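Data block below; observations after.
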Amino acid sequence: MTKLFTPITYKNMTIKNRIVMSPMCMYSCEDEDGKLTPFHLTHYISRAVGQIGLIMLEASAVEPAGRITAKDLGIWDDAHVSGLRELVHELHRYGSKAGIQLAHAGRKAEDEEISYAPSPLRFNERYQEPSELDRQGINRIIKAFGEAARRAKEAEFDMVEIHAAHGYLINEFLSPIANQRTDEYGGSKENRFRFLQEVVEAVSKEFTGPIFVRISTDEYHQEGNTLEDFLYYATQLKELGIDLIDCSSGGVVPAKINTYPGYQIKRCETIKHTVGIPTGAVGLITTGIQAEEILQNNRADLIFIGRSLLNNPYWAKEAADELNYELEAPKQYARGWK
Ligand SMILES: Cc1cc2nc3c(=O)[nH]c(=O)nc-3n(C[C@H](O)[C@H](O)[C@H](O)COP(=O)(O)O)c2cc1C
């Protein structure tokens with residue numbers, strides 16, 4: 001039995017296999033209105049035809065100032081819902097589950113006149129100095145995450161993922177490097193976690209399906225969050241009812257990262273076993289055999305595939321062939337898919 005092709009259930013969502021299309025910004029909203037374009041439909045639906053279990057839409061901004069670029073996907077307006085729902089229905093047609101990553105770029109918003117962050121510290125000299133969020137601003141953004149979750153429900157997504165990684169707004173609150181506040185949102189790890197906690201509470205109020213959180217499990221900087229901090233955050237997220245922690249890394253500071261096959265898995269495995277919460281593995285997982293090893297050794301519960309799925313929408317078929325698993329073809333391809 002291959003584990004990669006064994007279904008798995010989170011709350012009311014059963015995914016037909018363990019393969020997740022990792023969220024990947026396509027910067028393709030040409031009208032800068034956050035709305036899906038024909039490109040997005042082709043891009044995501046083709047991975048559903050390719051039998052990916054869970055298709056996670058790219059980082060989608062909860063407010064316009066939370067976009068990385070002006071061409072990012074958005075979920076800040078009710079006008080976004082109908083297009084997203086149409087896409088969700090198409091993904092379901094091929095048996096995939098559909099998710100969306102809810103995001104705020106924080107100090108890494110590139111095209112906005114003002115960017116927001118916990119502290120007025122720029123990422124590097126290429127970025128503007130962000131405006132320090134006051135209590136009102138914090139409340140506005142937490143509410144925006146809640147409203148985005150309501151829209152995700154209205155668009156019939158099966159799950160949502162909160163983007164708390166890669167040095168964007170939530171990660172900036174978590175990190176002692178980017179967060180130098182002296183109020184209840186900064187200082188101790190308990191205080192730095194408060195913003196994420198309030199985001200999770202706002203999202204959970206609106207969205208009753210599975211909720212994943214993506215975190216950066218290594219900041220590649222001595223003054224960044226420690227493993228102990230990450231274990232604390234993961235424990236808190238478990239208590240808040242989060243279904244899975246998607247374990248990525250980096251992005252808080254400009255660091256040179258030594259990448260190699262499975263470079264982010266060690267901490268993913270540690271979080272899974274120390275905290276007892278399901279985890280998702282991501283980062284240079286490129287073959288079916290590698291994915292199967294991670295799952296069979298119980299190092300993670302889901303396998304997120306990024307660039308390999310840009311290279312090959314039929315990555316699941318290639319992985320199945322490697323593992324001698326007979327992957328069911330979409331019915332239109334049944335005569336040709338051996
Ligand atoms: C083009 C591109 C866009 C990305 N956009 C996002 C994003 O929107 N949200 C996110 O959490 N990660 C994003 N990532 C990171 C991927 O989801 C993934 O974690 C990373 O590429 C490592 O996995 P891989 O080695 O399988 O590509 C992006 C990566 C790429 C290549």
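Identifiers for the structure tokens are assigned positionally: chains receive A, B, ... in sequence, residues are indexed from 1 per chain, and ligands are indexed from 1 in the order shown.
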Which residues form the shell of 10 Å around ligand 1 when you count only C-alpha atoms and all ligand atoms, given as a ChimeraX atom specification?
/A:20-27,56-61,68,72-73,100-103,161-166,168,213-216,246-249,259-264,281-286,303-311
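Using only C-alpha atoms, the residues found no farther than 9 Å from Asp31 of chain A, other than those of its own chain fewer than 3 positions away, are Ser28, Gly34, Lys35, Ala70 and Lys71 of chain A.
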Could those selected residues go to a file with N, CA, C and O atoms, as a short mmCIF file (atom, residue, chain, number, x, y, z; two decimals), in the first residue's frame?
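Okay, this is what ended up in out_36.cif:
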```cif
data_model
loop_
_atom_site.label_atom_id
_atom_site.label_comp_id
_atom_site.auth_asym_id
_atom_site.auth_seq_id
_atom_site.Cartn_x
_atom_site.Cartn_y
_atom_site.Cartn_z
N SER A 28 -0.90 37.46 -11.35
CA SER A 28 -1.51 37.49 -12.68
C SER A 28 -2.87 38.18 -12.75
O SER A 28 -3.60 37.98 -13.71
N GLY A 34 -7.55 42.00 -7.90
CA GLY A 34 -7.57 40.80 -7.06
C GLY A 34 -8.45 39.69 -7.60
O GLY A 34 -8.62 38.66 -6.94
N LYS A 35 -9.03 39.90 -8.79
CA LYS A 35 -9.97 38.89 -9.32
C LYS A 35 -9.25 37.84 -10.16
O LYS A 35 -8.27 38.14 -10.86
N ALA A 70 0.65 44.48 -6.77
CA ALA A 70 -0.69 44.90 -7.18
C ALA A 70 -1.41 43.80 -7.96
O ALA A 70 -2.62 43.84 -8.13
N LYS A 71 -0.67 42.81 -8.47
CA LYS A 71 -1.30 41.77 -9.29
C LYS A 71 -1.64 40.50 -8.51
O LYS A 71 -1.96 39.46 -9.08
#
```
Do you know which residues are at most 9 Å from Gly50 of chain A counting only C-alpha atoms, after dropping those on the same chain fewer than 2 positions away, and could you put them as a PyMOL selection string?
chain A and resi 45-48+52+94+313-317+329-330
Please provide as an mmCIF file with all heavy atoms, in the first residue's frame all residues within 8 Å of Gly53 of chain A, with the sequence filter that same-chain residues fewer than 4 positions apart are discarded (counting only C-alpha atoms).
```
data_model
loop_
_atom_site.group_PDB
_atom_site.id
_atom_site.type_symbol
_atom_site.label_atom_id
_atom_site.label_comp_id
_atom_site.auth_asym_id
_atom_site.auth_seq_id
_atom_site.Cartn_x
_atom_site.Cartn_y
_atom_site.Cartn_z
ATOM 1 N N ILE A 15 -9.511 14.037 1.703
ATOM 2 C CA ILE A 15 -8.674 14.274 0.519
ATOM 3 C C ILE A 15 -8.322 12.904 -0.061
ATOM 4 O O ILE A 15 -7.934 12.004 0.684
ATOM 5 C CB ILE A 15 -7.364 15.020 0.887
ATOM 6 C CG1 ILE A 15 -7.645 16.202 1.836
ATOM 7 C CG2 ILE A 15 -6.653 15.509 -0.346
ATOM 8 C CD1 ILE A 15 -6.377 16.866 2.375
ATOM 9 N N LYS A 16 -8.420 12.765 -1.375
ATOM 10 C CA LYS A 16 -8.262 11.423 -1.967
ATOM 11 C C LYS A 16 -6.816 10.920 -1.921
ATOM 12 O O LYS A 16 -6.568 9.724 -2.049
ATOM 13 C CB LYS A 16 -8.806 11.406 -3.391
ATOM 14 C CG LYS A 16 -8.036 12.262 -4.377
ATOM 15 C CD LYS A 16 -8.720 12.252 -5.743
ATOM 16 C CE LYS A 16 -8.096 13.282 -6.657
ATOM 17 N NZ LYS A 16 -8.804 13.415 -7.932
ATOM 18 N N ASN A 17 -5.852 11.802 -1.812
ATOM 19 C CA ASN A 17 -4.460 11.379 -1.635
ATOM 20 C C ASN A 17 -3.749 12.429 -0.790
ATOM 21 O O ASN A 17 -4.380 13.378 -0.330
ATOM 22 C CB ASN A 17 -3.756 11.131 -2.985
ATOM 23 C CG ASN A 17 -3.789 12.353 -3.897
ATOM 24 O OD1 ASN A 17 -3.478 13.465 -3.466
ATOM 25 N ND2 ASN A 17 -4.172 12.165 -5.157
ATOM 26 N N ARG A 18 -2.466 12.238 -0.548
ATOM 27 C CA ARG A 18 -1.754 13.126 0.387
ATOM 28 C C ARG A 18 -1.021 14.265 -0.311
ATOM 29 O O ARG A 18 -0.169 14.913 0.298
ATOM 30 C CB ARG A 18 -0.742 12.306 1.199
ATOM 31 C CG ARG A 18 -1.308 11.082 1.889
ATOM 32 C CD ARG A 18 -2.295 11.454 2.976
ATOM 33 N NE ARG A 18 -2.830 10.272 3.628
ATOM 34 C CZ ARG A 18 -2.335 9.704 4.718
ATOM 35 N NH1 ARG A 18 -1.264 10.220 5.302
ATOM 36 N NH2 ARG A 18 -2.901 8.632 5.232
ATOM 37 N N ILE A 19 -1.350 14.466 -1.589
ATOM 38 C CA ILE A 19 -0.595 15.482 -2.348
ATOM 39 C C ILE A 19 -1.354 16.809 -2.339
ATOM 40 O O ILE A 19 -2.531 16.878 -2.695
ATOM 41 C CB ILE A 19 -0.373 15.038 -3.810
ATOM 42 C CG1 ILE A 19 0.223 13.625 -3.855
ATOM 43 C CG2 ILE A 19 0.509 16.040 -4.539
ATOM 44 C CD1 ILE A 19 0.228 13.013 -5.245
ATOM 45 N N VAL A 20 -0.628 17.851 -1.922
ATOM 46 C CA VAL A 20 -1.202 19.202 -1.880
ATOM 47 C C VAL A 20 -0.430 20.076 -2.866
ATOM 48 O O VAL A 20 0.808 20.064 -2.869
ATOM 49 C CB VAL A 20 -1.065 19.822 -0.465
ATOM 50 C CG1 VAL A 20 -1.729 21.197 -0.404
ATOM 51 C CG2 VAL A 20 -1.649 18.893 0.596
ATOM 52 N N ALA A 48 -5.949 19.889 -11.039
ATOM 53 C CA ALA A 48 -7.041 19.010 -10.584
ATOM 54 C C ALA A 48 -7.204 17.857 -11.570
ATOM 55 O O ALA A 48 -7.369 16.697 -11.161
ATOM 56 C CB ALA A 48 -8.332 19.801 -10.440
ATOM 57 N N GLY A 95 -12.544 15.830 -8.615
ATOM 58 C CA GLY A 95 -12.305 15.094 -7.367
ATOM 59 C C GLY A 95 -11.259 15.710 -6.454
ATOM 60 O O GLY A 95 -10.857 15.089 -5.467
ATOM 61 N N SER A 96 -10.805 16.923 -6.771
ATOM 62 C CA SER A 96 -9.846 17.585 -5.871
ATOM 63 C C SER A 96 -10.606 18.367 -4.816
ATOM 64 O O SER A 96 -11.719 18.820 -5.044
ATOM 65 C CB SER A 96 -8.980 18.586 -6.648
ATOM 66 O OG SER A 96 -8.196 17.922 -7.598
ATOM 67 N N LYS A 97 -9.991 18.545 -3.664
ATOM 68 C CA LYS A 97 -10.494 19.470 -2.674
ATOM 69 C C LYS A 97 -9.820 20.816 -2.932
ATOM 70 O O LYS A 97 -8.714 20.870 -3.516
ATOM 71 C CB LYS A 97 -10.194 18.982 -1.254
ATOM 72 C CG LYS A 97 -10.885 17.672 -0.922
ATOM 73 C CD LYS A 97 -12.397 17.791 -0.982
ATOM 74 C CE LYS A 97 -13.052 16.469 -0.648
ATOM 75 N NZ LYS A 97 -14.475 16.434 -1.031
#
```
Based on DSSP run over this structure's backbone, return all residues of segment 82-129 of chain A in alpha helix (DSSP H), as a list of chain:residue names.
A:Ser82, A:Gly83, A:Leu84, A:Arg85, A:Glu86, A:Leu87, A:Val88, A:His89, A:Glu90, A:Leu91, A:His92, A:Arg93
For those residues, write C-alpha atoms to a file as a PDB file, in the first residue's frame.
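So the final result, stored in selection_12.pdb, reads:
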```
ATOM      1  CA  SER A  82     -18.481  34.393  -7.392  1.00  0.00           C
ATOM      2  CA  GLY A  83     -15.280  33.864  -9.425  1.00  0.00           C
ATOM      3  CA  LEU A  84     -13.698  31.846  -6.636  1.00  0.00           C
ATOM      4  CA  ARG A  85     -16.833  29.711  -6.264  1.00  0.00           C
ATOM      5  CA  GLU A  86     -16.809  28.946  -9.994  1.00  0.00           C
ATOM      6  CA  LEU A  87     -13.203  27.752  -9.700  1.00  0.00           C
ATOM      7  CA  VAL A  88     -13.972  25.652  -6.596  1.00  0.00           C
ATOM      8  CA  HIS A  89     -16.796  23.912  -8.491  1.00  0.00           C
ATOM      9  CA  GLU A  90     -14.431  23.080 -11.352  1.00  0.00           C
ATOM     10  CA  LEU A  91     -11.782  21.678  -8.998  1.00  0.00           C
ATOM     11  CA  HIS A  92     -14.459  19.515  -7.364  1.00  0.00           C
ATOM     12  CA  ARG A  93     -15.488  18.204 -10.785  1.00  0.00           C
TER      13      ARG A  93
END
```
Quick one: DSSP strand (DSSP E) residues in segment 82-294 of chain A, as a ChimeraX atom specification?
/A:97-103,116-117,131-132,159-164,211-216,244-248,279-282
Selected residues written out with N, CA and C atoms, as an mmCIF file, in the first residue's frame:
```cif
data_model
loop_
_atom_site.group_PDB
_atom_site.id
_atom_site.type_symbol
_atom_site.label_atom_id
_atom_site.label_comp_id
_atom_site.auth_asym_id
_atom_site.auth_seq_id
_atom_site.Cartn_x
_atom_site.Cartn_y
_atom_site.Cartn_z
ATOM 1 N N LYS A 97 -9.991 18.545 -3.664
ATOM 2 C CA LYS A 97 -10.494 19.470 -2.674
ATOM 3 C C LYS A 97 -9.820 20.816 -2.932
ATOM 4 N N ALA A 98 -10.508 21.887 -2.485
ATOM 5 C CA ALA A 98 -10.017 23.234 -2.791
ATOM 6 C C ALA A 98 -9.769 24.014 -1.510
ATOM 7 N N GLY A 99 -8.611 24.670 -1.465
ATOM 8 C CA GLY A 99 -8.268 25.520 -0.325
ATOM 9 C C GLY A 99 -7.764 26.861 -0.820
ATOM 10 N N ILE A 100 -7.716 27.818 0.087
ATOM 11 C CA ILE A 100 -7.178 29.137 -0.267
ATOM 12 C C ILE A 100 -6.319 29.636 0.884
ATOM 13 N N GLN A 101 -5.199 30.255 0.535
ATOM 14 C CA GLN A 101 -4.301 30.785 1.559
ATOM 15 C C GLN A 101 -4.645 32.249 1.820
ATOM 16 N N LEU A 102 -5.001 32.546 3.071
ATOM 17 C CA LEU A 102 -5.379 33.914 3.459
ATOM 18 C C LEU A 102 -4.117 34.633 3.936
ATOM 19 N N ALA A 103 -3.856 35.811 3.344
ATOM 20 C CA ALA A 103 -2.536 36.406 3.567
ATOM 21 C C ALA A 103 -2.573 37.921 3.724
ATOM 22 N N TYR A 116 2.278 48.022 6.253
ATOM 23 C CA TYR A 116 2.045 47.950 7.701
ATOM 24 C C TYR A 116 2.848 46.831 8.324
ATOM 25 N N ALA A 117 3.277 47.049 9.551
ATOM 26 C CA ALA A 117 4.076 46.039 10.248
ATOM 27 C C ALA A 117 3.949 46.261 11.748
ATOM 28 N N SER A 131 4.631 51.376 8.263
ATOM 29 C CA SER A 131 3.947 52.124 9.313
ATOM 30 C C SER A 131 3.632 51.158 10.462
ATOM 31 N N GLU A 132 3.969 51.567 11.680
ATOM 32 C CA GLU A 132 3.719 50.696 12.839
ATOM 33 C C GLU A 132 2.220 50.631 13.120
ATOM 34 N N MET A 159 -11.297 24.098 2.709
ATOM 35 C CA MET A 159 -10.425 24.456 3.828
ATOM 36 C C MET A 159 -9.769 25.803 3.551
ATOM 37 N N VAL A 160 -9.198 26.392 4.596
ATOM 38 C CA VAL A 160 -8.382 27.598 4.394
ATOM 39 C C VAL A 160 -7.038 27.404 5.099
ATOM 40 N N GLU A 161 -6.040 28.111 4.605
ATOM 41 C CA GLU A 161 -4.733 28.128 5.273
ATOM 42 C C GLU A 161 -4.398 29.574 5.621
ATOM 43 N N ILE A 162 -3.991 29.792 6.861
ATOM 44 C CA ILE A 162 -3.550 31.117 7.290
ATOM 45 C C ILE A 162 -2.050 31.215 7.024
ATOM 46 N N HIS A 163 -1.661 32.251 6.298
ATOM 47 C CA HIS A 163 -0.237 32.413 5.939
ATOM 48 C C HIS A 163 0.484 33.159 7.064
ATOM 49 N N ALA A 164 1.180 32.397 7.893
ATOM 50 C CA ALA A 164 1.924 33.000 9.013
ATOM 51 C C ALA A 164 3.431 32.787 8.814
ATOM 52 N N ILE A 211 -8.748 24.135 9.111
ATOM 53 C CA ILE A 211 -7.885 25.328 9.007
ATOM 54 C C ILE A 211 -6.443 24.886 9.218
ATOM 55 N N PHE A 212 -5.598 25.189 8.255
ATOM 56 C CA PHE A 212 -4.165 24.936 8.372
ATOM 57 C C PHE A 212 -3.480 26.284 8.629
ATOM 58 N N VAL A 213 -2.277 26.215 9.221
ATOM 59 C CA VAL A 213 -1.460 27.425 9.377
ATOM 60 C C VAL A 213 -0.070 27.125 8.836
ATOM 61 N N ARG A 214 0.401 27.988 7.941
ATOM 62 C CA ARG A 214 1.786 27.825 7.447
ATOM 63 C C ARG A 214 2.700 28.707 8.270
ATOM 64 N N ILE A 215 3.741 28.129 8.847
ATOM 65 C CA ILE A 215 4.719 28.924 9.598
ATOM 66 C C ILE A 215 6.119 28.714 9.004
ATOM 67 N N SER A 216 6.983 29.663 9.289
ATOM 68 C CA SER A 216 8.404 29.500 8.963
ATOM 69 C C SER A 216 9.060 28.903 10.195
ATOM 70 N N LEU A 244 -3.710 21.399 11.008
ATOM 71 C CA LEU A 244 -2.389 20.985 10.499
ATOM 72 C C LEU A 244 -1.468 22.192 10.431
ATOM 73 N N ILE A 245 -0.191 21.957 10.732
ATOM 74 C CA ILE A 245 0.813 23.017 10.569
ATOM 75 C C ILE A 245 1.669 22.677 9.352
ATOM 76 N N ASP A 246 1.661 23.619 8.430
ATOM 77 C CA ASP A 246 2.389 23.483 7.172
ATOM 78 C C ASP A 246 3.763 24.119 7.428
ATOM 79 N N CYS A 247 4.801 23.285 7.388
ATOM 80 C CA CYS A 247 6.114 23.696 7.910
ATOM 81 C C CYS A 247 7.079 24.157 6.828
ATOM 82 N N SER A 248 7.113 25.455 6.629
ATOM 83 C CA SER A 248 8.042 26.057 5.679
ATOM 84 C C SER A 248 9.161 26.726 6.470
ATOM 85 N N THR A 279 1.252 17.542 10.533
ATOM 86 C CA THR A 279 2.071 18.538 9.831
ATOM 87 C C THR A 279 2.103 18.254 8.327
ATOM 88 N N GLY A 280 2.420 19.315 7.591
ATOM 89 C CA GLY A 280 2.629 19.200 6.158
ATOM 90 C C GLY A 280 4.097 19.455 5.869
ATOM 91 N N ALA A 281 4.683 18.608 5.024
ATOM 92 C CA ALA A 281 6.097 18.773 4.638
ATOM 93 C C ALA A 281 6.153 19.471 3.284
ATOM 94 N N VAL A 282 7.100 20.387 3.156
ATOM 95 C CA VAL A 282 7.255 21.124 1.898
ATOM 96 C C VAL A 282 8.722 21.486 1.705
#
```
May I have a table of the residues of segment 45-151 of chain A lying at most 9 Å from segment 173-178 of chain A, giving each one's closest pair of atoms and their distance in Å to one decimal, counting only C-alpha atoms, ordered by chain and ascending residue number, as JSON lines?
```
{"residue": "A:Ala117", "atom": "CA", "partner": "A:Phe173", "partner_atom": "CA", "distance": 7.8}
{"residue": "A:Pro118", "atom": "CA", "partner": "A:Phe173", "partner_atom": "CA", "distance": 5.9}
{"residue": "A:Ser119", "atom": "CA", "partner": "A:Ala178", "partner_atom": "CA", "distance": 6.6}
{"residue": "A:Pro120", "atom": "CA", "partner": "A:Ala178", "partner_atom": "CA", "distance": 8.7}
{"residue": "A:Leu121", "atom": "CA", "partner": "A:Ala178", "partner_atom": "CA", "distance": 6.8}
{"residue": "A:Arg122", "atom": "CA", "partner": "A:Ala178", "partner_atom": "CA", "distance": 8.6}
{"residue": "A:Phe123", "atom": "CA", "partner": "A:Ala178", "partner_atom": "CA", "distance": 8.3}
```
Emit the selected residues as a short mmCIF file (atom, residue, chain, number, x, y, z; two decimals), in the first residue's frame, including C-alpha atoms.
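Wrote result22.cif, looks like this:
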```cif
data_model
loop_
_atom_site.label_atom_id
_atom_site.label_comp_id
_atom_site.auth_asym_id
_atom_site.auth_seq_id
_atom_site.Cartn_x
_atom_site.Cartn_y
_atom_site.Cartn_z
CA ALA A 117 4.08 46.04 10.25
CA PRO A 118 4.34 45.49 14.00
CA SER A 119 7.36 47.82 14.12
CA PRO A 120 8.69 50.50 11.74
CA LEU A 121 11.59 48.36 10.52
CA ARG A 122 12.15 47.81 6.84
CA PHE A 123 12.93 44.34 5.45
#
```
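For the choices A:Ala148, A:Ala79, A:Leu327, A:Met13, the atom-to-atom distance to Glu63 of chain A is smallest for A:Ala148 when using only C-alpha atoms.
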Distance atom CA of Val252 of chain A-atom CA of Ile114 of chain A, one decimal place?
19.0 Å
